[in-house]
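Peer 1: Structure file structure38.cif (mmCIF, C-alpha atoms and all ligand atoms) is given on the next line.
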```cif
data_query
#
loop_
_atom_site.label_atom_id
_atom_site.label_comp_id
_atom_site.auth_asym_id
_atom_site.auth_seq_id
_atom_site.Cartn_x
_atom_site.Cartn_y
_atom_site.Cartn_z
CA MET C 1 54.52 17.05 -21.87
CA THR C 2 51.73 19.59 -21.46
CA GLN C 3 50.59 20.52 -17.98
CA ALA C 4 47.42 22.45 -17.22
CA THR C 5 45.64 23.39 -14.00
CA PHE C 6 42.01 22.46 -13.41
CA ARG C 7 39.26 23.58 -11.06
CA PHE C 8 35.87 21.89 -11.01
CA TYR C 9 32.85 23.53 -9.43
CA GLU C 10 29.84 22.43 -7.40
CA GLU C 11 28.62 18.86 -7.82
CA LEU C 12 31.18 18.07 -10.52
CA ASN C 13 33.57 17.51 -7.62
CA ASP C 14 31.67 14.31 -6.77
CA PHE C 15 33.24 12.69 -9.83
CA LEU C 16 36.83 13.61 -8.92
CA ALA C 17 39.34 11.76 -6.80
CA PRO C 18 38.94 13.12 -3.21
CA GLU C 19 42.26 14.96 -3.18
CA ARG C 20 41.23 17.00 -6.23
CA ARG C 21 37.89 18.25 -4.94
CA GLY C 22 37.17 21.90 -4.23
CA HIS C 23 40.46 23.45 -5.30
CA GLU C 24 42.73 23.99 -8.24
CA PHE C 25 45.12 21.20 -9.14
CA ALA C 26 47.69 20.53 -11.84
CA SER C 27 47.44 17.62 -14.23
CA ARG C 28 49.52 16.40 -17.11
CA CYS C 29 47.72 16.19 -20.43
CA ALA C 30 48.35 13.87 -23.33
CA ARG C 31 49.61 15.46 -26.52
CA ALA C 32 46.82 17.15 -28.47
CA ALA C 33 44.37 16.56 -25.62
CA THR C 34 41.11 18.50 -25.88
CA THR C 35 39.09 19.90 -22.98
CA LYS C 36 36.60 17.04 -23.36
CA HIS C 37 39.36 14.45 -23.32
CA MET C 38 40.94 15.82 -20.13
CA ILE C 39 37.68 16.48 -18.28
CA GLU C 40 36.63 12.88 -18.87
CA ALA C 41 40.09 11.52 -18.09
CA LEU C 42 39.73 13.19 -14.68
CA GLY C 43 36.43 11.34 -14.18
CA VAL C 44 33.73 13.83 -15.14
CA PRO C 45 31.35 12.82 -17.99
CA HIS C 46 31.03 15.62 -20.54
CA THR C 47 27.23 15.51 -20.32
CA GLU C 48 27.47 16.92 -16.78
CA VAL C 49 29.40 20.01 -17.93
CA GLU C 50 27.70 23.21 -19.00
CA LEU C 51 30.56 25.67 -19.32
CA VAL C 52 34.34 25.47 -19.69
CA LEU C 53 36.61 28.47 -19.29
CA VAL C 54 40.25 28.28 -20.39
CA ASN C 55 42.26 31.24 -19.11
CA GLY C 56 38.97 33.02 -18.46
CA GLU C 57 37.49 32.53 -21.92
CA SER C 58 34.62 30.21 -22.69
CA VAL C 59 35.61 27.41 -25.07
CA GLY C 60 34.09 24.31 -26.65
CA PHE C 61 34.87 20.69 -25.94
CA ASP C 62 37.25 20.55 -28.89
CA ARG C 63 39.66 23.20 -27.57
CA LEU C 64 43.23 21.84 -27.55
CA LEU C 65 45.01 22.36 -24.25
CA ALA C 66 48.36 24.13 -24.13
CA ASP C 67 51.03 24.15 -21.46
CA GLY C 68 50.09 26.42 -18.56
CA ASP C 69 46.37 26.65 -19.41
CA ARG C 70 44.01 27.21 -16.50
CA VAL C 71 40.78 25.31 -16.97
CA ALA C 72 37.59 26.02 -14.98
CA VAL C 73 34.73 23.58 -15.41
CA TYR C 74 31.14 24.32 -14.35
CA PRO C 75 27.93 22.28 -14.15
CA LYS C 76 24.53 23.62 -15.14
CA PHE C 77 23.92 26.90 -13.36
CA GLU C 78 20.83 27.74 -11.44
CA ALA C 79 21.66 31.09 -9.88
CA LEU C 80 24.54 32.55 -11.87
CA ASP C 81 23.63 34.09 -15.21
CA VAL C 82 26.05 32.83 -17.84
CA THR C 83 24.02 33.63 -20.93
CA PRO C 84 26.64 36.05 -22.32
CA LEU C 85 29.16 33.22 -22.26
CA LEU C 86 29.34 30.46 -24.79
CA ARG C 87 28.09 27.21 -23.37
CA VAL C 88 29.77 24.01 -24.46
CA ARG C 89 26.51 22.70 -25.85
CA GLU C 90 24.91 25.11 -28.28
CA GLN C 91 21.54 23.50 -28.77
CA PRO C 92 19.19 22.40 -26.06
CA LEU C 93 17.13 19.45 -27.27
CA ARG C 94 13.81 20.60 -28.71
CA ASP C 95 11.70 18.01 -26.92
CA THR C 96 12.56 16.58 -23.56
CA ARG C 97 12.67 12.84 -24.22
CA PHE C 98 14.68 10.22 -22.44
CA VAL C 99 16.30 6.83 -22.74
CA ALA C 100 17.02 5.20 -19.39
CA ASP C 101 19.67 2.56 -18.84
CA ALA C 102 18.97 -0.91 -17.49
CA HIS C 103 19.25 0.04 -13.81
CA LEU C 104 16.72 2.85 -13.89
CA GLY C 105 13.44 1.04 -14.59
CA GLY C 106 11.73 2.63 -11.59
CA LEU C 107 12.72 6.12 -12.68
CA ALA C 108 11.60 5.38 -16.25
CA HIS C 109 8.14 4.45 -15.01
CA LEU C 110 7.87 7.56 -12.86
CA LEU C 111 8.89 9.75 -15.80
CA ARG C 112 6.22 8.10 -17.96
CA MET C 113 3.78 8.75 -15.14
CA THR C 114 4.59 12.44 -15.34
CA GLY C 115 4.11 12.37 -19.11
CA PHE C 116 7.69 12.26 -20.38
CA ASP C 117 8.50 10.06 -23.35
CA THR C 118 10.99 7.60 -21.83
CA LEU C 119 12.39 4.53 -23.55
CA TYR C 120 13.51 1.76 -21.26
CA ASP C 121 14.40 -1.86 -21.75
CA ASN C 122 16.60 -3.71 -19.32
CA HIS C 123 18.21 -5.56 -22.22
CA TYR C 124 19.51 -2.43 -23.98
CA PRO C 125 23.28 -2.76 -24.40
CA ASP C 126 25.30 0.47 -24.14
CA ASP C 127 25.74 0.63 -27.93
CA GLU C 128 21.98 0.59 -28.38
CA ILE C 129 21.46 3.37 -25.82
CA GLU C 130 24.10 5.47 -27.60
CA ARG C 131 22.43 4.82 -30.97
CA ILE C 132 18.95 5.68 -29.69
CA ALA C 133 20.21 8.88 -28.04
CA ALA C 134 21.99 10.01 -31.20
CA THR C 135 19.29 9.14 -33.74
CA GLN C 136 16.25 10.17 -31.71
CA GLY C 137 17.68 13.14 -29.81
CA ARG C 138 17.06 11.64 -26.38
CA ILE C 139 18.65 12.51 -23.05
CA VAL C 140 20.44 9.52 -21.54
CA LEU C 141 19.69 8.77 -17.88
CA THR C 142 22.20 6.57 -16.12
CA ARG C 143 24.29 5.93 -13.05
CA ASP C 144 27.14 4.73 -15.28
CA ARG C 145 29.54 7.59 -15.91
CA GLU C 146 31.44 5.60 -18.54
CA LEU C 147 28.30 5.43 -20.66
CA LEU C 148 28.04 9.23 -20.60
CA LYS C 149 31.58 9.57 -21.95
CA ARG C 150 30.57 8.04 -25.28
CA ARG C 151 30.97 10.31 -28.27
CA GLY C 152 27.45 9.77 -29.63
CA ILE C 153 25.83 10.94 -26.40
CA THR C 154 25.53 14.74 -26.35
CA HIS C 155 22.82 15.11 -23.73
CA GLY C 156 22.84 13.00 -20.61
CA CYS C 157 22.15 13.15 -16.94
CA TYR C 158 24.13 11.29 -14.33
CA VAL C 159 21.62 10.30 -11.65
CA HIS C 160 23.09 10.56 -8.16
CA ALA C 161 20.15 9.34 -6.05
CA LEU C 162 19.52 5.63 -5.48
CA ARG C 163 15.77 5.51 -4.81
CA SER C 164 13.52 6.07 -7.80
CA GLU C 165 11.36 8.75 -6.14
CA LEU C 166 14.47 10.73 -5.23
CA GLN C 167 15.85 10.15 -8.73
CA LEU C 168 12.68 11.66 -10.17
CA ARG C 169 13.03 14.70 -7.94
CA GLU C 170 16.69 15.07 -8.92
CA VAL C 171 15.98 14.89 -12.66
CA PHE C 172 13.03 17.30 -12.32
CA GLN C 173 15.22 19.85 -10.55
CA ARG C 174 18.22 19.55 -12.81
CA LEU C 175 16.24 19.77 -16.06
CA ASP C 176 13.53 22.07 -14.73
CA LEU C 177 10.77 19.68 -15.79
CA ALA C 178 7.89 20.71 -13.55
CA ARG C 179 6.37 23.16 -16.02
CA SER C 180 6.32 20.68 -18.89
CA ALA C 181 5.06 17.69 -16.92
CA ARG C 182 1.75 16.19 -18.10
CA PRO C 183 0.87 13.61 -15.47
CA PHE C 184 -1.23 10.61 -16.50
CA THR C 185 -1.00 11.16 -20.23
CA ARG C 186 1.33 8.26 -21.02
CA CYS C 187 1.14 4.49 -20.57
CA LEU C 188 3.43 3.18 -17.84
CA SER C 189 3.78 -0.15 -19.61
CA CYS C 190 4.59 0.80 -23.17
CA ASN C 191 5.27 4.59 -23.16
CA ALA C 192 2.52 5.36 -25.73
CA LEU C 193 0.04 8.22 -25.22
CA LEU C 194 -3.25 7.79 -23.39
CA ARG C 195 -6.50 9.13 -24.86
CA PRO C 196 -9.91 9.61 -23.23
CA ILE C 197 -12.29 6.88 -24.28
CA ASP C 198 -16.10 6.87 -24.27
CA PRO C 199 -17.29 5.09 -21.10
CA VAL C 200 -19.68 3.06 -23.24
CA LEU C 201 -16.76 1.68 -25.21
CA ALA C 202 -14.70 1.12 -22.07
CA ALA C 203 -17.47 -0.63 -20.13
CA PRO C 204 -17.13 -4.14 -21.61
CA LEU C 205 -13.34 -3.97 -21.12
CA VAL C 206 -13.24 -3.27 -17.36
CA PRO C 207 -14.47 -5.26 -14.34
CA PRO C 208 -18.11 -4.62 -13.30
CA ARG C 209 -17.07 -3.06 -9.97
CA VAL C 210 -14.92 -0.51 -11.80
CA ARG C 211 -17.70 0.16 -14.31
CA ALA C 212 -20.07 0.94 -11.43
CA GLN C 213 -17.70 3.35 -9.68
CA HIS C 214 -16.03 5.24 -12.53
CA ASP C 215 -17.20 7.15 -15.54
CA ARG C 216 -13.90 8.46 -16.90
CA PHE C 217 -11.50 6.17 -18.69
CA VAL C 218 -8.42 6.50 -20.85
CA ALA C 219 -7.04 4.00 -23.33
CA CYS C 220 -3.43 3.44 -24.40
CA GLU C 221 -2.79 4.05 -28.09
CA GLY C 222 -0.02 1.47 -28.03
CA CYS C 223 -1.08 -1.57 -26.02
CA GLY C 224 -4.81 -0.82 -25.73
CA ARG C 225 -4.96 -1.10 -21.95
CA ILE C 226 -7.72 0.87 -20.21
CA PHE C 227 -7.02 3.00 -17.14
CA TRP C 228 -9.25 4.77 -14.64
CA GLU C 229 -8.73 6.91 -11.56
CA GLY C 230 -8.69 4.14 -8.99
CA SER C 231 -6.74 3.86 -5.76
CA HIS C 232 -3.53 3.07 -7.61
CA TRP C 233 -3.95 6.28 -9.62
CA ARG C 234 -4.43 8.31 -6.43
CA ARG C 235 -1.26 6.86 -4.91
CA MET C 236 0.67 7.77 -8.05
CA ARG C 237 -0.71 11.29 -7.86
CA GLU C 238 0.53 11.64 -4.29
CA THR C 239 3.97 10.40 -5.35
CA ILE C 240 4.16 12.93 -8.14
CA ASP C 241 3.00 15.81 -5.95
CA ALA C 242 5.53 14.89 -3.27
CA CYS C 243 8.43 14.44 -5.71
CA CYS C 244 7.99 17.25 -8.10
CA GLY C 245 5.55 19.81 -6.78
CA VAL C 246 3.48 19.19 -9.89
CA GLN C 247 -0.20 19.83 -9.65
CA ALA C 248 -1.26 16.50 -11.07
CA LEU C 249 -3.78 16.76 -13.87
CA SER C 250 -5.82 13.80 -14.86
CA ALA C 251 -5.61 12.67 -18.44
CA ALA C 252 -9.36 12.90 -18.77
CA GLN C 253 -9.53 16.62 -17.99
ZN ZN O 301 0.43 0.97 -23.37
#
```
Just give me the structure of the file as structure tokens.
Ligand SMILES: [Zn+2]

Peer 2:
Amino acid sequence: MTQATFRFYEELNDFLAPERRGHEFASRCARAATTKHMIEALGVPHTEVELVLVNGESVGFDRLLADGDRVAVYPKFEALDVTPLLRVREQPLRDTRFVADAHLGGLAHLLRMTGFDTLYDNHYPDDEIERIAATQGRIVLTRDRELLKRRGITHGCYVHALRSELQLREVFQRLDLARSARPFTRCLSCNALLRPIDPVLAAPLVPPRVRAQHDRFVACEGCGRIFWEGSHWRRMRETIDACCGVQALSAAQ
């Protein structure tokens, strides 16, 4: 039987059994166990891991563990520069696009509000989420760590917060989204892009009161709904500013 020692850093400890948090511990490994296999067996989804060192050397998820190995496992770094080291995931995804699991509808809407392409359907089974993530190169958002252990999911984000506004803030911080946010450019209902529309064309489609008070409108390319900067829009803008520190831009600008 192979035995290795493990040390997990920072928030990765949240996934461990309490007695294993914050210090090195020994664990038996199955025969031919890889780093990914053992990290997940100890409770940490591989999507949460950014760097693995075995005996001080950076390795991939497929490294086989040998007796006496010392394994250090790190989450995404903010302060410490690890660029000279090999990260476990070579390629960042080119576009930041998401698929949210069934329990994160509120977060999915807030991400659409900030302009991020986010698929969400509360009937998606886990297999479908895995397939969408793999074929479309989407980051999986979930509070289900078992989902993140699936082989087809290379990029995921375990969401710790419970309230959707706090979840948005958490995802923005972890993935550094503020600079690429484009608030009010995407339909909250169907995820398609919004385009400015001539007020003359919009006029017959909106209530007379709205027509009298607004002269800028956007239309959804997917479902055709018309939006304007009403009170609901202003409340959303305040939410985004508070959550993400994003200077909200209107779609019509
Ligand atoms: Zn739409």

Peer 1: Around ligand ZN 301 (chain O), which protein and nucleic acid residues have at least one atom no more than 8 Å from it, if we count all atoms listed in the file? List them as a ChimeraX atom specification.

Peer 2: /C:186-194,220-225

Peer 1: Write out, as CSV, each residue of range 8-51 of chain C that has an atom at most 9 Å from range 149-173 of chain C, together with the closest pair of atoms and their distance in Å to one decimal, counting all atoms listed in the file, rows going by chain and rising number.

Peer 2:
```
residue,atom,partner,partner_atom,distance
C:Glu40,CA,C:Lys149,CA,6.8
C:Val44,CA,C:Lys149,CA,8.3
C:Pro45,CA,C:Lys149,CA,5.1
C:His46,CA,C:Lys149,CA,6.2
C:Thr47,CA,C:Gly156,CA,5.1
C:Glu48,CA,C:Cys157,CA,6.5
```

Peer 1: For Ala133 in chain C, which residue out of C:Leu147, C:Leu111, C:Leu42, C:Ala181 is the nearest one, using only C-alpha atoms?

Peer 2: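 Looking only at the distances to Ala133 in chain C, the closest residue turns out to be C:Leu147.
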
Peer 1: Of the residues C:Asp126, C:Asp121, C:Pro199, C:Thr114, which is the one nearest to Met236 in chain C, using only C-alpha atoms?

Peer 2: C:Thr114

Peer 1: Would you give me, as CSV, each residue of range 50-72 of chain C having an atom within 8 Å of an atom of range 30-37 of chain C, along with its shortest atom pair and that distance in Å to one decimal, using only C-alpha atoms and sorting by chain and residue number?

Peer 2:
```
residue,atom,partner,partner_atom,distance
C:Gly60,CA,C:Thr35,CA,7.6
C:Phe61,CA,C:Lys36,CA,4.8
C:Asp62,CA,C:Thr34,CA,5.3
C:Arg63,CA,C:Thr34,CA,5.2
C:Leu64,CA,C:Thr34,CA,4.3
C:Leu65,CA,C:Thr34,CA,5.7
```

Peer 1: Could you give me, as a PyMOL selection string, the residues that sit within 10 Å of (39.0, 31.8, -21.8) in the file's coordinates, counting only C-alpha atoms?

Peer 2: chain C and resi 52-59+69-72+85

Peer 1: Extract, using only C-alpha atoms, all DNA, RNA and protein residues at most 8 Å from Gly43 in chain C, discarding same-chain residues fewer than 5 positions from it, and format them as a list in words.

Peer 2: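 In the requested form, the answer reads Phe15, Leu16 and Ala17 of chain C.
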
Peer 1: So how far away is CA of Gln136 in chain C from CA of Met113 in chain C, in Å?

Peer 2: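 Value for the CA of Met113 in chain C-CA of Gln136 in chain C distance: 20.8 Å.
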
Peer 1: Looking at C:Ala219, C:Val200, C:Ile139, C:Leu104, which one is nearest to Tyr120 in chain C, with distances taken over only C-alpha atoms?

Peer 2: C:Leu104

Peer 1: Please rebuild range 225-237 of chain C with N, CA, C and O atoms and give the result as a compact mmCIF listing (two decimals), in the coordinates of the input.

Peer 2:
```txt
# COMPACT_ATOMS: atom_id res chain seq x y z
N ARG C 225 -4.47 -0.95 -23.33
CA ARG C 225 -4.96 -1.10 -21.95
C ARG C 225 -5.85 0.09 -21.56
O ARG C 225 -5.64 1.20 -22.03
N ILE C 226 -6.80 -0.17 -20.68
CA ILE C 226 -7.72 0.87 -20.21
C ILE C 226 -7.33 1.25 -18.78
O ILE C 226 -7.04 0.37 -17.96
N PHE C 227 -7.35 2.53 -18.49
CA PHE C 227 -7.02 3.00 -17.14
C PHE C 227 -8.15 3.88 -16.61
O PHE C 227 -8.87 4.51 -17.37
N TRP C 228 -8.26 3.90 -15.29
CA TRP C 228 -9.25 4.77 -14.64
C TRP C 228 -8.63 5.28 -13.35
O TRP C 228 -7.58 4.81 -12.91
N GLU C 229 -9.31 6.25 -12.73
CA GLU C 229 -8.73 6.91 -11.56
C GLU C 229 -9.05 6.13 -10.29
O GLU C 229 -9.81 6.59 -9.45
N GLY C 230 -8.49 4.97 -10.18
CA GLY C 230 -8.69 4.14 -8.99
C GLY C 230 -7.70 4.47 -7.90
O GLY C 230 -7.01 5.50 -7.94
N SER C 231 -7.60 3.58 -6.91
CA SER C 231 -6.74 3.86 -5.76
C SER C 231 -5.27 3.91 -6.17
O SER C 231 -4.49 4.71 -5.66
N HIS C 232 -4.90 3.07 -7.13
CA HIS C 232 -3.53 3.07 -7.61
C HIS C 232 -3.19 4.43 -8.21
O HIS C 232 -2.12 4.99 -7.97
N TRP C 233 -4.11 4.97 -8.99
CA TRP C 233 -3.95 6.28 -9.62
C TRP C 233 -3.74 7.36 -8.55
O TRP C 233 -2.87 8.22 -8.67
N ARG C 234 -4.54 7.29 -7.48
CA ARG C 234 -4.43 8.31 -6.43
C ARG C 234 -3.07 8.22 -5.73
O ARG C 234 -2.46 9.23 -5.41
N ARG C 235 -2.59 7.00 -5.54
CA ARG C 235 -1.26 6.86 -4.91
C ARG C 235 -0.18 7.44 -5.81
O ARG C 235 0.75 8.09 -5.34
N MET C 236 -0.31 7.22 -7.11
CA MET C 236 0.67 7.77 -8.05
C MET C 236 0.64 9.30 -8.00
O MET C 236 1.67 9.97 -8.05
N ARG C 237 -0.56 9.84 -7.91
CA ARG C 237 -0.71 11.29 -7.86
C ARG C 237 0.00 11.86 -6.63
O ARG C 237 0.69 12.87 -6.71
```
